[in-house]
Amino acid sequence: TGTGKGLVARILHYSGPRANRPFIQVNCAAIPESMVEAELFGYQRGAFTDAKTSKPGLFQAADGGTFFLDEIGSVPLAVQAKILKVIEEKSVRQLGTLTEQPVNVHIVAATNTDLGGRVREGLFREDLLYRLQVAPLSIPPLRERGDDVLLLARKFLGELVGRYRLGELTFSPDAEEAISAY
């Protein structure tokens, strides 16, 4: 948490061939379990009690672009099977319909949990993990990144100085030592 997974996903999107297409980010852990499927895949009017209108899913919203699935490890097993189907068949089926709609999305997935451990516990699909691990990137926490914390602190200070026209400000050696120690 807080390592910059979302920033890395945006850099991958905006520096790639899909930069002019949609970038859709979803925190899978923030969606109530009962709504994950409807949010990701969309639904047709009448598909369930509260479906008074049709709604495209987030996969459709990301069509042609990048879909960033943050905290993929929290997605229920039944929905994981449907995500795997999207990856393999490049199509989605909204709730309440029988037809498939093609989608072309670059999927970036992130988690702060050990998905291999979740596979062993039966909580994450091994075949989905295999499909998602095409080009794994490990982003260590800030406490393991040496002087990066000082680079970031100086950058944020510079931004605040510019925003509030504070003149020239720097951290004292004691402040830099305290930031590094923290």
# chains A, B, ... in the order shown; residues from 1 in each chain; ligands from 1
>>> residues_around(residues="region 9-12 of chain A", least_positions_apart="4", cutoff="12 Å", atoms="only C-alpha atoms", output="ChimeraX atom specification")
/A:3-5,16-19,22-26,65-70,106-110,135-137,139
>>> select_by_dssp(residues="region 52-166 of chain A", states="strand (DSSP E)", output="PyMOL selection string")
chain A and resi 55-56+66-70+91-92+101-102+106-110
>>> write_last_selection(atoms="N, CA, C and O atoms", output="tab-separated table (two decimals), in the first residue's frame")
chain	number	residue	atom	x	y	z
A	55	LYS	N	-26.27	-0.65	-18.14
A	55	LYS	CA	-25.03	0.07	-17.83
A	55	LYS	C	-23.85	-0.72	-18.36
A	55	LYS	O	-23.69	-1.90	-18.04
A	56	PRO	N	-23.00	-0.06	-19.17
A	56	PRO	CA	-21.78	-0.77	-19.61
A	56	PRO	C	-20.84	-0.99	-18.43
A	56	PRO	O	-20.84	-0.21	-17.47
A	66	THR	N	-6.34	0.97	-21.43
A	66	THR	CA	-5.76	0.19	-20.34
A	66	THR	C	-6.75	0.11	-19.19
A	66	THR	O	-7.38	1.10	-18.82
A	67	PHE	N	-6.87	-1.07	-18.62
A	67	PHE	CA	-7.73	-1.30	-17.45
A	67	PHE	C	-6.84	-1.72	-16.30
A	67	PHE	O	-6.21	-2.77	-16.35
A	68	PHE	N	-6.75	-0.87	-15.29
A	68	PHE	CA	-5.92	-1.14	-14.11
A	68	PHE	C	-6.78	-1.69	-13.00
A	68	PHE	O	-7.63	-1.00	-12.45
A	69	LEU	N	-6.55	-2.95	-12.68
A	69	LEU	CA	-7.27	-3.65	-11.61
A	69	LEU	C	-6.40	-3.63	-10.36
A	69	LEU	O	-5.52	-4.49	-10.18
A	70	ASP	N	-6.62	-2.65	-9.51
A	70	ASP	CA	-5.85	-2.55	-8.26
A	70	ASP	C	-6.48	-3.47	-7.23
A	70	ASP	O	-7.70	-3.60	-7.15
A	91	SER	N	-13.56	-10.80	-24.93
A	91	SER	CA	-14.95	-10.38	-25.00
A	91	SER	C	-15.57	-10.43	-23.61
A	91	SER	O	-15.06	-11.12	-22.72
A	92	VAL	N	-16.65	-9.67	-23.44
A	92	VAL	CA	-17.38	-9.66	-22.17
A	92	VAL	C	-18.85	-9.94	-22.45
A	92	VAL	O	-19.37	-9.67	-23.52
A	101	GLN	N	-19.65	-9.27	-26.24
A	101	GLN	CA	-19.21	-8.05	-26.90
A	101	GLN	C	-17.69	-8.02	-26.88
A	101	GLN	O	-17.08	-8.21	-25.82
A	102	PRO	N	-17.06	-7.78	-28.03
A	102	PRO	CA	-15.59	-7.78	-28.06
A	102	PRO	C	-15.01	-6.58	-27.30
A	102	PRO	O	-15.60	-5.50	-27.31
A	106	HIS	N	-5.71	-3.52	-22.49
A	106	HIS	CA	-4.42	-3.86	-21.90
A	106	HIS	C	-4.70	-3.91	-20.40
A	106	HIS	O	-5.13	-2.92	-19.82
A	107	ILE	N	-4.51	-5.06	-19.79
A	107	ILE	CA	-4.82	-5.22	-18.37
A	107	ILE	C	-3.54	-5.09	-17.55
A	107	ILE	O	-2.55	-5.78	-17.82
A	108	VAL	N	-3.59	-4.21	-16.57
A	108	VAL	CA	-2.53	-4.09	-15.57
A	108	VAL	C	-3.20	-4.41	-14.24
A	108	VAL	O	-4.23	-3.83	-13.91
A	109	ALA	N	-2.64	-5.35	-13.51
A	109	ALA	CA	-3.21	-5.74	-12.23
A	109	ALA	C	-2.16	-5.56	-11.14
A	109	ALA	O	-0.97	-5.73	-11.38
A	110	ALA	N	-2.63	-5.20	-9.95
A	110	ALA	CA	-1.71	-4.99	-8.83
A	110	ALA	C	-2.34	-5.51	-7.55
A	110	ALA	O	-3.56	-5.61	-7.42
>>> residues_around(residues="Lys85 (chain A)", least_positions_apart="3", cutoff="12 Å", atoms="only C-alpha atoms", output="VMD selection string")
chain A and resid 41 78 to 82 88 to 93 100 102 to 103 127 to 128 131
>>> atom_distance(atom1="CA of Ser74 (chain A)", atom2="CA of Gly122 (chain A)")
12.7 Å
>>> atom_distance(atom1="CA of Val105 (chain A)", atom2="CA of Ala62 (chain A)")
6.3 Å
>>> select_by_dssp(residues="region 12-61 of chain A", states="helix (DSSP H, G or I)", output="list of chain:residue names")
A:Leu12, A:His13, A:Tyr14, A:Cys28, A:Ala29, A:Ala30, A:Glu33, A:Ser34, A:Met35, A:Val36, A:Glu37, A:Ala38, A:Glu39, A:Leu40, A:Phe41, A:Leu58, A:Phe59, A:Gln60, A:Ala61
>>> residues_around(residues="Gly146 (chain A)", least_positions_apart="5", cutoff="12 Å", atoms="only C-alpha atoms", output="compact mmCIF listing (two decimals) with N, CA, C and O atoms, in the first residue's frame")
# COMPACT_ATOMS: atom_id res chain seq x y z
N PRO A 140 9.03 -2.12 -4.48
CA PRO A 140 9.30 -2.23 -3.04
C PRO A 140 8.72 -1.04 -2.29
O PRO A 140 8.57 0.05 -2.84
N PRO A 141 8.41 -1.25 -1.01
CA PRO A 141 7.92 -0.13 -0.21
C PRO A 141 9.01 0.93 -0.06
O PRO A 141 10.20 0.64 -0.19
N LEU A 151 14.50 12.19 -2.08
CA LEU A 151 14.16 12.73 -3.39
C LEU A 151 12.70 13.15 -3.46
O LEU A 151 12.36 14.23 -3.94
N LEU A 152 11.84 12.29 -2.94
CA LEU A 152 10.42 12.60 -2.94
C LEU A 152 10.10 13.79 -2.03
O LEU A 152 9.32 14.68 -2.39
N ILE A 179 13.75 12.31 8.29
CA ILE A 179 12.96 11.70 7.19
C ILE A 179 13.56 10.37 6.80
O ILE A 179 12.83 9.37 6.65
N SER A 180 14.85 10.30 6.64
CA SER A 180 15.51 9.05 6.26
C SER A 180 15.33 7.97 7.33
O SER A 180 15.12 6.80 7.01
N ALA A 181 15.41 8.36 8.59
CA ALA A 181 15.27 7.39 9.69
C ALA A 181 13.84 6.86 9.77
O ALA A 181 13.63 5.70 10.10
N TYR A 182 12.88 7.71 9.46
CA TYR A 182 11.48 7.28 9.54
C TYR A 182 11.19 6.24 8.49
O TYR A 182 10.55 5.26 8.70
>>> residues_around(residues="Phe171 (chain A)", least_positions_apart="2", cutoff="10 Å", atoms="only C-alpha atoms", output="MDAnalysis selection string")
chainID A and resid 150 153:154 157 169 173:177 179
>>> write_last_selection(atoms="N, CA, C and O atoms", output="PDB file, in the first residue's frame")
ATOM      1  N   LEU A 150      14.143  10.895   0.374  1.00  0.00           N
ATOM      2  CA  LEU A 150      14.631  12.281   0.347  1.00  0.00           C
ATOM      3  C   LEU A 150      14.347  12.944  -0.998  1.00  0.00           C
ATOM      4  O   LEU A 150      13.984  14.122  -1.044  1.00  0.00           O
ATOM      5  N   ALA A 153      10.687  13.809  -0.840  1.00  0.00           N
ATOM      6  CA  ALA A 153      10.434  14.912   0.095  1.00  0.00           C
ATOM      7  C   ALA A 153      10.865  16.241  -0.520  1.00  0.00           C
ATOM      8  O   ALA A 153      10.138  17.247  -0.430  1.00  0.00           O
ATOM      9  N   ARG A 154      12.006  16.247  -1.169  1.00  0.00           N
ATOM     10  CA  ARG A 154      12.485  17.489  -1.808  1.00  0.00           C
ATOM     11  C   ARG A 154      11.570  17.907  -2.961  1.00  0.00           C
ATOM     12  O   ARG A 154      11.299  19.088  -3.145  1.00  0.00           O
ATOM     13  N   LEU A 157       8.402  19.356  -1.423  1.00  0.00           N
ATOM     14  CA  LEU A 157       8.701  20.679  -0.881  1.00  0.00           C
ATOM     15  C   LEU A 157       8.784  21.698  -2.014  1.00  0.00           C
ATOM     16  O   LEU A 157       8.224  22.801  -1.904  1.00  0.00           O
ATOM     17  N   LEU A 169      13.141  27.331  -0.026  1.00  0.00           N
ATOM     18  CA  LEU A 169      13.138  26.556   1.220  1.00  0.00           C
ATOM     19  C   LEU A 169      13.854  25.233   0.978  1.00  0.00           C
ATOM     20  O   LEU A 169      13.731  24.641  -0.090  1.00  0.00           O
ATOM     21  N   PRO A 173      19.709  19.618   7.678  1.00  0.00           N
ATOM     22  CA  PRO A 173      20.314  18.282   7.779  1.00  0.00           C
ATOM     23  C   PRO A 173      19.601  17.403   8.814  1.00  0.00           C
ATOM     24  O   PRO A 173      19.421  16.209   8.588  1.00  0.00           O
ATOM     25  N   ASP A 174      19.169  17.999   9.941  1.00  0.00           N
ATOM     26  CA  ASP A 174      18.448  17.225  10.958  1.00  0.00           C
ATOM     27  C   ASP A 174      17.108  16.719  10.419  1.00  0.00           C
ATOM     28  O   ASP A 174      16.706  15.576  10.687  1.00  0.00           O
ATOM     29  N   ALA A 175      16.411  17.567   9.653  1.00  0.00           N
ATOM     30  CA  ALA A 175      15.130  17.162   9.078  1.00  0.00           C
ATOM     31  C   ALA A 175      15.336  16.027   8.074  1.00  0.00           C
ATOM     32  O   ALA A 175      14.580  15.051   8.067  1.00  0.00           O
ATOM     33  N   GLU A 176      16.376  16.131   7.239  1.00  0.00           N
ATOM     34  CA  GLU A 176      16.645  15.073   6.277  1.00  0.00           C
ATOM     35  C   GLU A 176      17.016  13.780   6.974  1.00  0.00           C
ATOM     36  O   GLU A 176      16.601  12.691   6.551  1.00  0.00           O
ATOM     37  N   GLU A 177      17.737  13.879   8.053  1.00  0.00           N
ATOM     38  CA  GLU A 177      18.107  12.691   8.836  1.00  0.00           C
ATOM     39  C   GLU A 177      16.853  12.045   9.428  1.00  0.00           C
ATOM     40  O   GLU A 177      16.689  10.823   9.416  1.00  0.00           O
ATOM     41  N   ILE A 179      13.753  12.306   8.290  1.00  0.00           N
ATOM     42  CA  ILE A 179      12.961  11.703   7.190  1.00  0.00           C
ATOM     43  C   ILE A 179      13.556  10.369   6.801  1.00  0.00           C
ATOM     44  O   ILE A 179      12.830   9.368   6.654  1.00  0.00           O
TER      45      ILE A 179
END
